[in-house]
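J.: Structure file work-v4.pdb, PDB, C-alpha atoms, is pasted below:
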MODEL        1
ATOM      1  CA  MET A   1       0.000   0.000   0.000
ATOM      2  CA  TYR A   2       1.386   3.390  -1.044
ATOM      3  CA  LEU A   3       0.490   6.464   1.013
ATOM      4  CA  GLY A   4       1.328   9.652  -0.853
ATOM      5  CA  LYS A   5       0.458  12.026  -3.676
ATOM      6  CA  SER A   6       3.415  11.649  -6.033
ATOM      7  CA  VAL A   7       2.449   9.568  -9.057
ATOM      8  CA  THR A   8       6.104   9.299 -10.103
ATOM      9  CA  LEU A   9       7.213   7.830  -6.791
ATOM     10  CA  ARG A  10       4.223   5.524  -6.678
ATOM     11  CA  ARG A  11       5.077   4.094 -10.076
ATOM     12  CA  ARG A  12       8.677   3.566  -9.007
ATOM     13  CA  VAL A  13       7.481   1.662  -5.964
ATOM     14  CA  GLU A  14       5.167  -0.456  -8.094
ATOM     15  CA  ALA A  15       8.030  -1.280 -10.455
ATOM     16  CA  VAL A  16      10.296  -2.353  -7.596
ATOM     17  CA  ARG A  17       7.679  -4.370  -5.761
ATOM     18  CA  ALA A  18       6.278  -5.891  -8.971
ATOM     19  CA  ARG A  19       2.861  -6.066  -7.341
ATOM     20  CA  PRO A  20      -0.369  -4.240  -8.157
ATOM     21  CA  ARG A  21      -1.249  -1.516  -5.726
ATOM     22  CA  GLU A  22      -4.298  -1.724  -3.510
ATOM     23  CA  PRO A  23      -6.398   1.425  -3.945
ATOM     24  CA  LEU A  24      -7.757   3.063  -0.813
ATOM     25  CA  GLY A  25     -10.770   4.271  -2.788
ATOM     26  CA  ARG A  26     -13.914   4.804  -0.774
ATOM     27  CA  GLY A  27     -12.146   3.861   2.427
ATOM     28  CA  LEU A  28     -10.202   7.131   2.397
ATOM     29  CA  GLN A  29     -13.378   9.090   1.617
ATOM     30  CA  VAL A  30     -15.150   7.527   4.596
ATOM     31  CA  ILE A  31     -12.214   8.374   6.848
ATOM     32  CA  ALA A  32     -12.172  11.967   5.579
ATOM     33  CA  ARG A  33     -15.849  12.392   6.415
ATOM     34  CA  GLU A  34     -15.265  10.998   9.893
ATOM     35  CA  LEU A  35     -12.285  13.242  10.599
ATOM     36  CA  ARG A  36     -13.565  16.580   9.297
ATOM     37  CA  GLN A  37     -15.135  17.733  12.557
ATOM     38  CA  PRO A  38     -12.399  16.325  14.812
ATOM     39  CA  PHE A  39      -9.853  18.128  12.627
ATOM     40  CA  LEU A  40     -11.699  21.444  13.006
ATOM     41  CA  ASP A  41     -11.930  20.854  16.762
ATOM     42  CA  PHE A  42      -8.181  20.188  16.837
ATOM     43  CA  VAL A  43      -7.444  23.520  15.149
ATOM     44  CA  ALA A  44      -9.912  25.330  17.423
ATOM     45  CA  ASP A  45      -8.284  23.859  20.549
ATOM     46  CA  ILE A  46      -4.864  25.101  19.439
ATOM     47  CA  GLY A  47      -6.212  28.546  18.556
ATOM     48  CA  ALA A  48      -8.014  28.874  21.898
ATOM     49  CA  ALA A  49      -4.672  28.640  23.693
ATOM     50  CA  GLU A  50      -3.030  31.373  21.604
ATOM     51  CA  PRO A  51      -2.732  34.811  23.249
ATOM     52  CA  ASP A  52      -1.234  36.445  20.124
ATOM     53  CA  ALA A  53      -4.014  36.619  17.544
ATOM     54  CA  VAL A  54      -1.789  38.182  14.864
ATOM     55  CA  SER A  55       0.746  35.352  14.980
ATOM     56  CA  TRP A  56      -1.990  32.709  15.118
ATOM     57  CA  TRP A  57      -3.916  34.011  12.112
ATOM     58  CA  SER A  58      -0.656  34.193  10.154
ATOM     59  CA  THR A  59      -0.276  30.398  10.219
ATOM     60  CA  THR A  60      -1.547  27.730   7.871
ATOM     61  CA  PHE A  61      -2.811  25.955  10.988
ATOM     62  CA  SER A  62      -5.469  28.612  11.477
ATOM     63  CA  TRP A  63      -6.787  28.353   7.924
ATOM     64  CA  LYS A  64      -8.895  25.272   8.809
ATOM     65  CA  VAL A  65      -9.695  24.471   5.174
ATOM     66  CA  TRP A  66      -9.623  20.690   5.328
ATOM     67  CA  GLY A  67     -10.300  20.407   1.589
ATOM     68  CA  ALA A  68      -6.959  22.086   0.781
ATOM     69  CA  SER A  69      -4.901  21.050   3.793
ATOM     70  CA  ASP A  70      -1.913  18.744   3.547
ATOM     71  CA  LEU A  71      -2.174  18.240   7.295
ATOM     72  CA  PHE A  72      -5.725  16.940   7.011
ATOM     73  CA  LEU A  73      -4.772  14.575   4.190
ATOM     74  CA  LEU A  74      -1.871  13.186   6.226
ATOM     75  CA  VAL A  75      -4.143  12.660   9.223
ATOM     76  CA  CYS A  76      -6.482  10.705   6.948
ATOM     77  CA  TYR A  77      -3.514   8.632   5.738
ATOM     78  CA  LEU A  78      -2.545   8.030   9.364
ATOM     79  CA  LYS A  79      -6.029   6.762  10.213
ATOM     80  CA  ALA A  80      -6.053   4.561   7.114
ATOM     81  CA  ALA A  81      -2.616   3.150   7.952
ATOM     82  CA  GLN A  82      -3.691   2.398  11.509
ATOM     83  CA  GLU A  83      -6.766   0.520  10.332
ATOM     84  CA  LEU A  84      -4.730  -1.493   7.801
ATOM     85  CA  ILE A  85      -2.096  -2.389  10.403
ATOM     86  CA  ASP A  86      -4.750  -3.394  12.940
ATOM     87  CA  GLU A  87      -6.429  -5.631  10.378
ATOM     88  CA  ALA A  88      -3.125  -7.224   9.302
ATOM     89  CA  LEU A  89      -2.125  -7.945  12.907
ATOM     90  CA  ASP A  90      -5.530  -9.396  13.732
ATOM     91  CA  HIS A  91      -5.403 -11.793  10.765
ATOM     92  CA  GLY A  92      -1.661 -12.467  10.753
ATOM     93  CA  ALA A  93      -1.415 -11.119   7.215
ATOM     94  CA  ASP A  94       1.582  -9.551   5.507
ATOM     95  CA  LEU A  95       1.347  -5.822   4.890
ATOM     96  CA  THR A  96       3.857  -3.400   3.407
ATOM     97  CA  LEU A  97       3.226   0.317   3.692
ATOM     98  CA  VAL A  98       5.334   2.703   1.621
ATOM     99  CA  VAL A  99       4.965   6.204   3.054
ATOM    100  CA  GLU A 100       5.945   9.199   0.956
ATOM    101  CA  ASP A 101       6.138  11.764   3.767
ATOM    102  CA  ASP A 102       8.890  11.354   6.387
ATOM    103  CA  TRP A 103       6.857  12.995   9.154
ATOM    104  CA  LEU A 104       3.944  10.653   8.537
ATOM    105  CA  ALA A 105       6.323   7.692   8.561
ATOM    106  CA  HIS A 106       7.557   8.721  12.008
ATOM    107  CA  GLN A 107       3.990   9.150  13.246
ATOM    108  CA  ILE A 108       3.013   5.669  12.065
ATOM    109  CA  ALA A 109       6.205   4.151  13.453
ATOM    110  CA  ASP A 110       5.806   5.711  16.895
ATOM    111  CA  ALA A 111       2.283   4.328  17.157
ATOM    112  CA  ASN A 112       3.114   0.811  15.974
ATOM    113  CA  ALA A 113       6.767  -0.003  16.684
ATOM    114  CA  PRO A 114       5.904  -1.149  20.252
ATOM    115  CA  ARG A 115       3.489  -3.652  18.698
ATOM    116  CA  GLY A 116       6.268  -5.405  16.823
ATOM    117  CA  VAL A 117       5.724  -3.641  13.509
ATOM    118  CA  ARG A 118       9.009  -3.180  11.676
ATOM    119  CA  CYS A 119       9.560   0.417  10.580
ATOM    120  CA  ARG A 120      12.300   2.050   8.543
ATOM    121  CA  ARG A 121      12.388   5.834   8.510
ATOM    122  CA  ARG A 122      14.744   8.707   7.864
ATOM    123  CA  PRO A 123      15.703  11.123  10.673
ATOM    124  CA  LEU A 124      13.848  14.439  10.759
ATOM    125  CA  ALA A 125      16.802  16.614  11.804
ATOM    126  CA  ALA A 126      17.760  17.326   8.195
ATOM    127  CA  ALA A 127      14.210  18.474   7.406
ATOM    128  CA  LYS A 128      14.216  20.881  10.348
ATOM    129  CA  ILE A 129      17.630  22.305   9.497
ATOM    130  CA  GLY A 130      16.629  22.691   5.864
ATOM    131  CA  ALA A 131      13.435  24.500   6.860
ATOM    132  CA  PHE A 132      15.374  26.878   9.100
ATOM    133  CA  VAL A 133      17.933  27.716   6.407
ATOM    134  CA  LEU A 134      15.308  28.110   3.692
ATOM    135  CA  GLY A 135      13.099  30.209   5.938
ATOM    136  CA  THR A 136      15.979  32.543   6.791
ATOM    137  CA  ALA A 137      16.831  32.992   3.108
ATOM    138  CA  ARG A 138      13.209  33.719   2.239
ATOM    139  CA  ARG A 139      12.895  36.258   5.041
ATOM    140  CA  LEU A 140      15.900  38.121   3.701
ATOM    141  CA  ALA A 141      14.448  37.945   0.188
ATOM    142  CA  TRP A 142      11.144  39.307   1.521
ATOM    143  CA  LEU A 143      13.024  42.160   3.190
ATOM    144  CA  GLY A 144      14.746  43.110  -0.050
ATOM    145  CA  GLN A 145      11.512  42.936  -2.047
ATOM    146  CA  THR A 146       9.622  45.000   0.519
ATOM    147  CA  LEU A 147      12.220  47.753   0.683
ATOM    148  CA  GLY A 148      12.453  47.837  -3.099
ATOM    149  CA  SER A 149       8.683  48.051  -3.489
ATOM    150  CA  TRP A 150       8.464  50.884  -0.949
ATOM    151  CA  ARG A 151      11.251  52.802  -2.662
ATOM    152  CA  ARG A 152       9.674  52.469  -6.130
ATOM    153  CA  GLN A 153       6.190  53.484  -4.977
ATOM    154  CA  ARG A 154       7.567  56.414  -2.983
ATOM    155  CA  ARG A 155       9.517  57.628  -6.026
ATOM    156  CA  PHE A 156       6.361  57.856  -8.105
ATOM    157  CA  THR A 157       3.994  59.045  -5.395
ATOM    158  CA  GLY A 158       6.322  61.513  -3.671
ATOM    159  CA  ARG A 159       6.604  62.329   0.002
ATOM    160  CA  ALA A 160       3.433  64.408   0.141
ATOM    161  CA  ALA A 161       1.113  61.639  -1.015
ATOM    162  CA  ALA A 162      -2.536  62.566  -1.153
ATOM    163  CA  VAL A 163      -4.541  60.715   1.488
ATOM    164  CA  PRO A 164      -8.036  59.786   0.252
ATOM    165  CA  ARG A 165     -10.718  60.834   2.721
ATOM    166  CA  ALA A 166     -13.102  57.941   2.353
ATOM    167  CA  THR A 167     -15.776  56.194   4.397
ATOM    168  CA  ALA A 168     -15.510  52.851   2.603
ATOM    169  CA  ALA A 169     -12.378  51.033   1.440
ATOM    170  CA  ILE A 170     -12.188  48.133  -1.024
ATOM    171  CA  TYR A 171      -9.302  45.668  -1.058
ATOM    172  CA  THR A 172      -7.987  45.122  -4.576
ATOM    173  CA  TYR A 173      -5.105  43.312  -6.244
ATOM    174  CA  PRO A 174      -3.971  45.548  -9.135
ATOM    175  CA  MET A 175      -3.840  43.914 -12.552
ATOM    176  CA  THR A 176      -3.597  45.282 -16.070
ATOM    177  CA  ARG A 177      -7.266  44.586 -16.746
ATOM    178  CA  CYS A 178      -8.245  46.727 -13.745
ATOM    179  CA  LEU A 179      -6.789  49.922 -15.207
ATOM    180  CA  ARG A 180      -9.143  52.134 -17.185
ATOM    181  CA  ASP A 181      -8.616  55.186 -19.373
ATOM    182  CA  ALA A 182      -8.698  58.683 -17.898
ATOM    183  CA  GLY A 183      -7.415  57.465 -14.524
ATOM    184  CA  GLY A 184     -10.214  54.981 -13.951
ATOM    185  CA  TYR A 185     -10.051  51.701 -12.073
ATOM    186  CA  ALA A 186     -12.351  48.660 -12.040
ATOM    187  CA  ASP A 187     -11.678  45.882  -9.562
ATOM    188  CA  ALA A 188     -11.570  42.463 -11.220
ATOM    189  CA  LEU A 189     -12.877  40.410  -8.279
ATOM    190  CA  LEU A 190     -15.598  42.750  -7.017
ATOM    191  CA  PRO A 191     -16.829  44.534 -10.152
ATOM    192  CA  GLY A 192     -19.291  47.312  -9.483
ATOM    193  CA  MET A 193     -18.762  47.260  -5.707
ATOM    194  CA  ASP A 194     -17.464  50.842  -5.724
ATOM    195  CA  ASP A 195     -20.577  52.054  -7.573
ATOM    196  CA  LEU A 196     -22.820  50.217  -5.109
ATOM    197  CA  LEU A 197     -21.097  51.826  -2.143
ATOM    198  CA  ARG A 198     -21.338  55.270  -3.719
ATOM    199  CA  GLU A 199     -25.060  54.750  -4.221
ATOM    200  CA  CYS A 200     -25.234  54.086  -0.481
ATOM    201  CA  GLY A 201     -23.656  57.480   0.159
ATOM    202  CA  HIS A 202     -20.060  56.437   0.795
ATOM    203  CA  ARG A 203     -16.855  58.048  -0.393
ATOM    204  CA  VAL A 204     -14.896  55.096  -1.796
ATOM    205  CA  MET A 205     -11.194  54.331  -1.954
ATOM    206  CA  PHE A 206      -9.209  51.286  -3.053
ATOM    207  CA  PHE A 207      -6.181  49.841  -1.265
ATOM    208  CA  SER A 208      -3.730  47.165  -2.370
ATOM    209  CA  PRO A 209      -1.599  44.756  -0.294
ATOM    210  CA  PRO A 210       1.976  45.842   0.466
ATOM    211  CA  GLU A 211       3.511  42.757  -1.144
ATOM    212  CA  ARG A 212       1.957  43.620  -4.521
ATOM    213  CA  GLY A 213       4.688  45.280  -6.590
ATOM    214  CA  GLY A 214       4.353  46.812 -10.013
ATOM    215  CA  PHE A 215       1.993  49.480 -11.405
ATOM    216  CA  GLU A 216       3.682  52.116  -9.247
ATOM    217  CA  ALA A 217       3.211  54.919 -11.778
ATOM    218  CA  GLU A 218      -0.391  53.924 -12.500
ATOM    219  CA  LEU A 219      -1.317  53.808  -8.823
ATOM    220  CA  ALA A 220       0.411  57.106  -8.144
ATOM    221  CA  ALA A 221      -1.686  58.687 -10.908
ATOM    222  CA  ARG A 222      -4.812  57.471  -9.054
ATOM    223  CA  ARG A 223      -3.737  58.689  -5.618
ATOM    224  CA  GLN A 224      -6.954  60.664  -5.157
ATOM    225  CA  TYR A 225      -8.803  57.408  -4.482
ATOM    226  CA  PHE A 226      -6.123  54.694  -4.341
ATOM    227  CA  ARG A 227      -3.863  53.849  -1.408
ATOM    228  CA  PRO A 228      -1.063  51.279  -1.885
ATOM    229  CA  LEU A 229      -0.532  49.882   1.608
ATOM    230  CA  ILE A 230       3.229  49.717   1.046
ATOM    231  CA  LEU A 231       3.255  53.479   1.708
ATOM    232  CA  ASP A 232       1.875  52.811   5.197
ATOM    233  CA  SER A 233       4.940  50.814   6.103
ATOM    234  CA  SER A 234       7.583  52.041   8.525
ATOM    235  CA  ALA A 235      10.951  50.951   9.845
ATOM    236  CA  GLY A 236       9.306  49.571  12.978
ATOM    237  CA  ALA A 237       6.702  47.656  10.975
ATOM    238  CA  VAL A 238       9.363  46.083   8.766
ATOM    239  CA  ILE A 239      11.542  45.069  11.713
ATOM    240  CA  ARG A 240       8.623  43.567  13.631
ATOM    241  CA  SER A 241       7.549  41.702  10.519
ATOM    242  CA  LEU A 242      11.033  40.443   9.715
ATOM    243  CA  PHE A 243      11.262  38.710  13.092
ATOM    244  CA  ALA A 244       7.623  37.634  13.299
ATOM    245  CA  MET A 245       7.178  34.043  14.458
ATOM    246  CA  TRP A 246       4.478  31.776  15.774
ATOM    247  CA  ARG A 247       5.321  30.060  19.049
ATOM    248  CA  PRO A 248       2.658  27.452  19.872
ATOM    249  CA  ARG A 249       1.395  27.730  23.428
ATOM    250  CA  VAL A 250       0.014  24.195  23.708
ATOM    251  CA  ARG A 251       2.211  21.956  25.843
ATOM    252  CA  THR A 252       1.030  18.797  24.102
ATOM    253  CA  TRP A 253      -0.710  18.637  20.749
ATOM    254  CA  PRO A 254      -4.400  17.661  21.040
ATOM    255  CA  LEU A 255      -5.533  14.295  19.674
ATOM    256  CA  ILE A 256      -7.619  13.995  16.529
ATOM    257  CA  ALA A 257     -10.257  11.283  17.005
ATOM    258  CA  GLY A 258      -7.917   9.521  19.419
ATOM    259  CA  LEU A 259      -4.894   9.744  17.101
ATOM    260  CA  ARG A 260      -1.601  11.254  18.174
ATOM    261  CA  VAL A 261      -0.492  13.779  15.539
ATOM    262  CA  ASP A 262       2.504  15.449  17.190
ATOM    263  CA  HIS A 263       4.885  14.709  14.294
ATOM    264  CA  LEU A 264       2.341  15.900  11.738
ATOM    265  CA  ALA A 265       1.703  19.077  13.722
ATOM    266  CA  CYS A 266       5.458  19.740  13.868
ATOM    267  CA  ARG A 267       5.615  19.168  10.120
ATOM    268  CA  GLU A 268       3.031  21.930   9.609
ATOM    269  CA  TYR A 269       4.992  24.254  11.874
ATOM    270  CA  TRP A 270       8.302  23.679  10.076
ATOM    271  CA  ARG A 271       6.674  24.084   6.662
ATOM    272  CA  ASP A 272       5.486  27.502   7.796
ATOM    273  CA  ALA A 273       8.956  28.279   9.149
ATOM    274  CA  ALA A 274      10.444  27.515   5.735
ATOM    275  CA  ARG A 275       8.367  30.277   4.143
ATOM    276  CA  ALA A 276       8.223  34.036   4.599
ATOM    277  CA  GLN A 277       4.472  34.159   5.178
ATOM    278  CA  TRP A 278       4.785  35.052   8.874
ATOM    279  CA  CYS A 279       6.663  38.175   7.760
ATOM    280  CA  ARG A 280       4.302  38.952   4.910
ATOM    281  CA  TYR A 281       1.101  38.613   6.912
ATOM    282  CA  ARG A 282       2.438  40.586   9.878
ATOM    283  CA  HIS A 283       3.497  43.379   7.539
ATOM    284  CA  PHE A 284       0.049  43.425   5.933
ATOM    285  CA  TYR A 285      -1.518  43.770   9.393
ATOM    286  CA  GLU A 286       0.857  46.584  10.370
ATOM    287  CA  CYS A 287       0.130  48.547   7.184
ATOM    288  CA  ALA A 288      -3.627  47.968   7.443
ATOM    289  CA  ARG A 289      -3.623  49.312  11.005
ATOM    290  CA  LYS A 290      -1.871  52.466   9.822
ATOM    291  CA  MET A 291      -4.429  52.987   7.052
ATOM    292  CA  LEU A 292      -7.334  52.436   9.437
ATOM    293  CA  THR A 293      -5.818  54.969  11.847
ATOM    294  CA  ASP A 294      -5.481  57.640   9.156
ATOM    295  CA  GLU A 295      -8.864  57.143   7.515
ATOM    296  CA  ALA A 296     -12.332  57.815   8.916
ATOM    297  CA  LEU A 297     -13.638  54.563   7.505
ATOM    298  CA  GLU A 298     -16.983  52.997   8.285
ATOM    299  CA  TRP A 299     -16.597  49.915   6.086
ATOM    300  CA  VAL A 300     -13.811  47.750   4.697
ATOM    301  CA  VAL A 301     -14.842  45.392   1.896
ATOM    302  CA  PHE A 302     -12.740  42.504   0.600
ATOM    303  CA  PRO A 303     -13.144  39.379  -1.589
ATOM    304  CA  PHE A 304     -13.833  36.426   0.699
ATOM    305  CA  GLU A 305     -11.521  33.428   0.310
ATOM    306  CA  ASN A 306     -10.973  32.597   4.017
ATOM    307  CA  GLN A 307      -7.254  33.318   3.793
ATOM    308  CA  PRO A 308      -5.038  34.480   6.677
ATOM    309  CA  TRP A 309      -4.693  38.065   5.440
ATOM    310  CA  GLU A 310      -8.482  38.448   5.543
ATOM    311  CA  LYS A 311      -8.604  37.475   9.210
ATOM    312  CA  LEU A 312      -5.821  39.947   9.970
ATOM    313  CA  LEU A 313      -7.660  42.692   8.093
ATOM    314  CA  VAL A 314     -10.805  41.978  10.103
ATOM    315  CA  LEU A 315      -8.742  41.960  13.311
ATOM    316  CA  ALA A 316      -7.200  45.351  12.510
ATOM    317  CA  ALA A 317     -10.610  46.787  11.560
ATOM    318  CA  ARG A 318     -12.246  45.579  14.773
ATOM    319  CA  GLU A 319      -9.495  47.250  16.789
ATOM    320  CA  ARG A 320     -10.562  50.558  15.182
ATOM    321  CA  GLY A 321     -14.313  49.925  15.335
ATOM    322  CA  VAL A 322     -14.625  49.605  11.549
ATOM    323  CA  ARG A 323     -17.176  47.208  10.089
ATOM    324  CA  THR A 324     -16.064  44.622   7.517
ATOM    325  CA  ALA A 325     -17.739  42.705   4.721
ATOM    326  CA  GLY A 326     -16.248  39.703   2.945
ATOM    327  CA  VAL A 327     -17.892  39.191  -0.427
ATOM    328  CA  GLN A 328     -17.805  35.765  -2.074
ATOM    329  CA  HIS A 329     -16.550  36.400  -5.583
ATOM    330  CA  SER A 330     -16.680  32.896  -7.060
ATOM    331  CA  THR A 331     -19.272  30.176  -7.498
ATOM    332  CA  LEU A 332     -17.624  27.941  -4.904
ATOM    333  CA  ALA A 333     -15.773  29.257  -1.847
ATOM    334  CA  THR A 334     -13.119  27.314   0.048
TER     335      THR A 334
ENDMDL
END
So, in terms of structure tokens, how does the structure I just supplied come out?
T.:
Amino acid sequence: MYLGKSVTLRRRVEAVRARPREPLGRGLQVIARELRQPFLDFVADIGAAEPDAVSWWSTTFSWKVWGASDLFLLVCYLKAAQELIDEALDHGADLTLVVEDDWLAHQIADANAPRGVRCRRRPLAAAKIGAFVLGTARRLAWLGQTLGSWRRQRRFTGRAAAVPRATAAIYTYPMTRCLRDAGGYADALLPGMDDLLRECGHRVMFFSPPERGGFEAELAARRQYFRPLILDSSAGAVIRSLFAMWRPRVRTWPLIAGLRVDHLACREYWRDAARAQWCRYRHFYECARKMLTDEALEWVVFPFENQPWEKLLVLAARERGVRTAGVQHSTLAT
């Protein structure tokens, strides 16, 4: 039995073993249905122990989208592996499990090695060191990109940038198709939202995330109603973001439907550490807070996708007493 997503590796295993694979099929679907709620409860238990909401909402842990979560899939594999091992031991049958993910292999081994199950696995130290090195490199790359983006936008906008006096702000991700003649702008994800808000009596502005580079000249030309959040950055915001980290407060990881998942939880943590998203999301929050302090906003509107930056935007808005509205912009939402 092969547990993993890589078709290439699976075919290599099949060629070496010279045996047809046994599909998990409906069994995995049944397990996924059983584990959905316990998985959400697991995430909620971790979040309830977190005193730092900004750090928590910057993690992939907090996303809770089981349909797009590697962690959830690995927990399903773990449950499937446990059931297969239990059945093989009960019937005295031979069973070979080939596990693609090293962290999952350790989780299965820890649960079953005391029962006489033979397990071969690679040490995890190399994965942790690699994540630390890669994460450090990506943080430095993020720093360079952020400073460069701020410098370019400041060059076009100037020091005395016009501050839109608006009562409603719309999050937008600038693209070529959004730009209109005569200094116009039409958001691609929420078309017509600005007109709707104006009909309700609001003065409307757009704002873009600080990590979005490009279009500096075009956005500067629309400064009367457009605010690139990169201009709300500061030395303090960049430094705090550069060293942003999530430090889990739980002493022991909660169980999921009776399953220990400590190795899988650590895998999720180290995958986050290997990215620069803790920096990026913290910087977004810092810049959004500055915008919300400057503006007399009543509403902030954004396209709803249930992503971390949305939760941080809502958090910053609630701190300032500003109402928020997430608008589903696709047929199916995650």
J.: Could you check the closest approach to Thr324 (chain A) for each of A:Ala169, A:Ala44, A:Leu219, A:Leu242 and tell me which residue wins, using all atoms listed in the file?
T.: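 Looking at the shortest contact to Thr324 (chain A), the residue is A:Ala169.
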J.: Would you mind telling me which residue in A:Thr8, A:Thr157, A:Gln328, A:Thr60 lies nearest to Pro308 (chain A) when using all atoms listed in the file?
T.: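 Looking at the shortest contact to Pro308 (chain A), the residue is A:Thr60.
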J.: Out of A:Lys311, A:Lys290, A:Arg260, A:Arg11, which residue has the shortest atom-to-atom distance to Asn112 (chain A) when counting all atoms listed in the file?
T.: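 Answer, going by the shortest atom-to-atom distance: A:Arg260.
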J.: Restricting the calculation to all atoms listed in the file, which member of A:Leu147, A:Gly47, A:Leu189, A:Tyr173 is positioned closest to Arg212 (chain A)?
T.: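 Under the stated criterion, the closest residue is A:Tyr173.
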J.: Rank nothing, just name the residue among A:Arg247, A:Gln277, A:Arg138, A:Cys266 nearest to Glu50 (chain A), using all atoms listed in the file.
T.: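 Closest candidate: A:Arg247.
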J.: Any chance you could resolve the PyMOL selection byres ((chain A and resi 67-81) around 10) against this file and give the residues as a ChimeraX atom specification?
T.: /A:1-5,24,27-36,39-40,60-61,63-66,82-87,97,99,101,103-105,107-108,111,256-261,264-265,267-268,334
J.: Pick out the closest residue to Asp294 (chain A) from this set: A:Ser208, A:Thr167, A:Thr252, A:Thr172. Count only C-alpha atoms.
T.: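 Closest candidate: A:Thr167.
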J.: Which neighbours of Ala316 (chain A) fall inside 9 Å, counting only C-alpha atoms, when residues of the same chain fewer than 2 positions from it are skipped, and could you give them as a JSON list (two decimals) with C-alpha atoms, keeping the file's coordinate frame?
T.:
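Just written: part16.json:
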[["chain", "number", "residue", "atom", "x", "y", "z"],
["A", 285, "TYR", "CA", -1.52, 43.77, 9.39],
["A", 286, "GLU", "CA", 0.86, 46.58, 10.37],
["A", 288, "ALA", "CA", -3.63, 47.97, 7.44],
["A", 289, "ARG", "CA", -3.62, 49.31, 11.00],
["A", 292, "LEU", "CA", -7.33, 52.44, 9.44],
["A", 311, "LYS", "CA", -8.60, 37.48, 9.21],
["A", 312, "LEU", "CA", -5.82, 39.95, 9.97],
["A", 313, "LEU", "CA", -7.66, 42.69, 8.09],
["A", 314, "VAL", "CA", -10.80, 41.98, 10.10],
["A", 318, "ARG", "CA", -12.25, 45.58, 14.77],
["A", 319, "GLU", "CA", -9.49, 47.25, 16.79],
["A", 320, "ARG", "CA", -10.56, 50.56, 15.18],
["A", 321, "GLY", "CA", -14.31, 49.92, 15.34],
["A", 322, "VAL", "CA", -14.62, 49.60, 11.55]]
J.: Please measure the separation of CA of Arg280 (chain A) and CA of Leu231 (chain A), giving the value in Å to one decimal.
T.: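 Answer for the CA of Arg280 (chain A) to CA of Leu231 (chain A) separation: 14.9 Å.
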J.: Translate the PyMOL selection byres ((chain A and resi 123) around 12) into a concrete residue list for this structure, as a ChimeraX atom specification.
T.: /A:101-106,120-122,124-129,263
J.: Would you be able to write out as a PyMOL selection string which residues have an atom within 12 Å of (-10.8, 43.9, -9.6) in the file's coordinates, counting all atoms listed in the file?
T.: chain A and resi 170-180+184-194+206-208+302-303+329
J.: Identify, on the basis of only C-alpha atoms, every residue whose closest approach to region 225-228 of chain A does not exceed 9 Å; exclude the query and any residue fewer than 5 positions from it along the same chain; express the result as a list in words.
T.: Gln153, Ala162, Val163, Pro164, Arg165, Ala166, Val204, Met205, Phe206, Phe207, Ser208, Pro209, Pro210, Arg212, Glu216, Leu219, Ala220 and Met291 of chain A
J.: Expanded to explicit residues, what is the PyMOL selection byres ((chain A and resi 275) around 8) for this file, as a ChimeraX atom specification?
T.: /A:134-135,138-139,271-274,276-278
J.: Write out N, CA, C and O atoms for region 199-207 of chain A, as a PDB file, in the coordinates of the input.
T.:
ATOM      1  N   GLU A 199     -23.609  54.600  -4.253  1.00  0.00           N
ATOM      2  CA  GLU A 199     -25.060  54.750  -4.221  1.00  0.00           C
ATOM      3  C   GLU A 199     -25.592  54.762  -2.795  1.00  0.00           C
ATOM      4  O   GLU A 199     -26.654  55.340  -2.521  1.00  0.00           O
ATOM      5  N   CYS A 200     -24.836  54.105  -1.897  1.00  0.00           N
ATOM      6  CA  CYS A 200     -25.234  54.086  -0.481  1.00  0.00           C
ATOM      7  C   CYS A 200     -24.726  55.313   0.273  1.00  0.00           C
ATOM      8  O   CYS A 200     -24.884  55.389   1.497  1.00  0.00           O
ATOM      9  N   GLY A 201     -24.096  56.235  -0.450  1.00  0.00           N
ATOM     10  CA  GLY A 201     -23.656  57.480   0.159  1.00  0.00           C
ATOM     11  C   GLY A 201     -22.236  57.495   0.668  1.00  0.00           C
ATOM     12  O   GLY A 201     -21.848  58.424   1.387  1.00  0.00           O
ATOM     13  N   HIS A 202     -21.428  56.510   0.302  1.00  0.00           N
ATOM     14  CA  HIS A 202     -20.060  56.437   0.795  1.00  0.00           C
ATOM     15  C   HIS A 202     -19.075  57.080  -0.177  1.00  0.00           C
ATOM     16  O   HIS A 202     -19.276  57.056  -1.397  1.00  0.00           O
ATOM     17  N   ARG A 203     -18.017  57.648   0.387  1.00  0.00           N
ATOM     18  CA  ARG A 203     -16.855  58.048  -0.393  1.00  0.00           C
ATOM     19  C   ARG A 203     -15.921  56.840  -0.422  1.00  0.00           C
ATOM     20  O   ARG A 203     -15.537  56.307   0.624  1.00  0.00           O
ATOM     21  N   VAL A 204     -15.549  56.398  -1.623  1.00  0.00           N
ATOM     22  CA  VAL A 204     -14.896  55.096  -1.796  1.00  0.00           C
ATOM     23  C   VAL A 204     -13.434  55.263  -2.160  1.00  0.00           C
ATOM     24  O   VAL A 204     -13.059  56.144  -2.954  1.00  0.00           O
ATOM     25  N   MET A 205     -12.599  54.424  -1.580  1.00  0.00           N
ATOM     26  CA  MET A 205     -11.194  54.331  -1.954  1.00  0.00           C
ATOM     27  C   MET A 205     -10.840  52.867  -2.156  1.00  0.00           C
ATOM     28  O   MET A 205     -11.525  51.962  -1.665  1.00  0.00           O
ATOM     29  N   PHE A 206      -9.777  52.624  -2.888  1.00  0.00           N
ATOM     30  CA  PHE A 206      -9.209  51.286  -3.053  1.00  0.00           C
ATOM     31  C   PHE A 206      -7.879  51.229  -2.300  1.00  0.00           C
ATOM     32  O   PHE A 206      -7.190  52.246  -2.166  1.00  0.00           O
ATOM     33  N   PHE A 207      -7.518  50.041  -1.834  1.00  0.00           N
ATOM     34  CA  PHE A 207      -6.181  49.841  -1.265  1.00  0.00           C
ATOM     35  C   PHE A 207      -5.667  48.481  -1.706  1.00  0.00           C
ATOM     36  O   PHE A 207      -6.433  47.543  -1.912  1.00  0.00           O
TER      37      PHE A 207
END
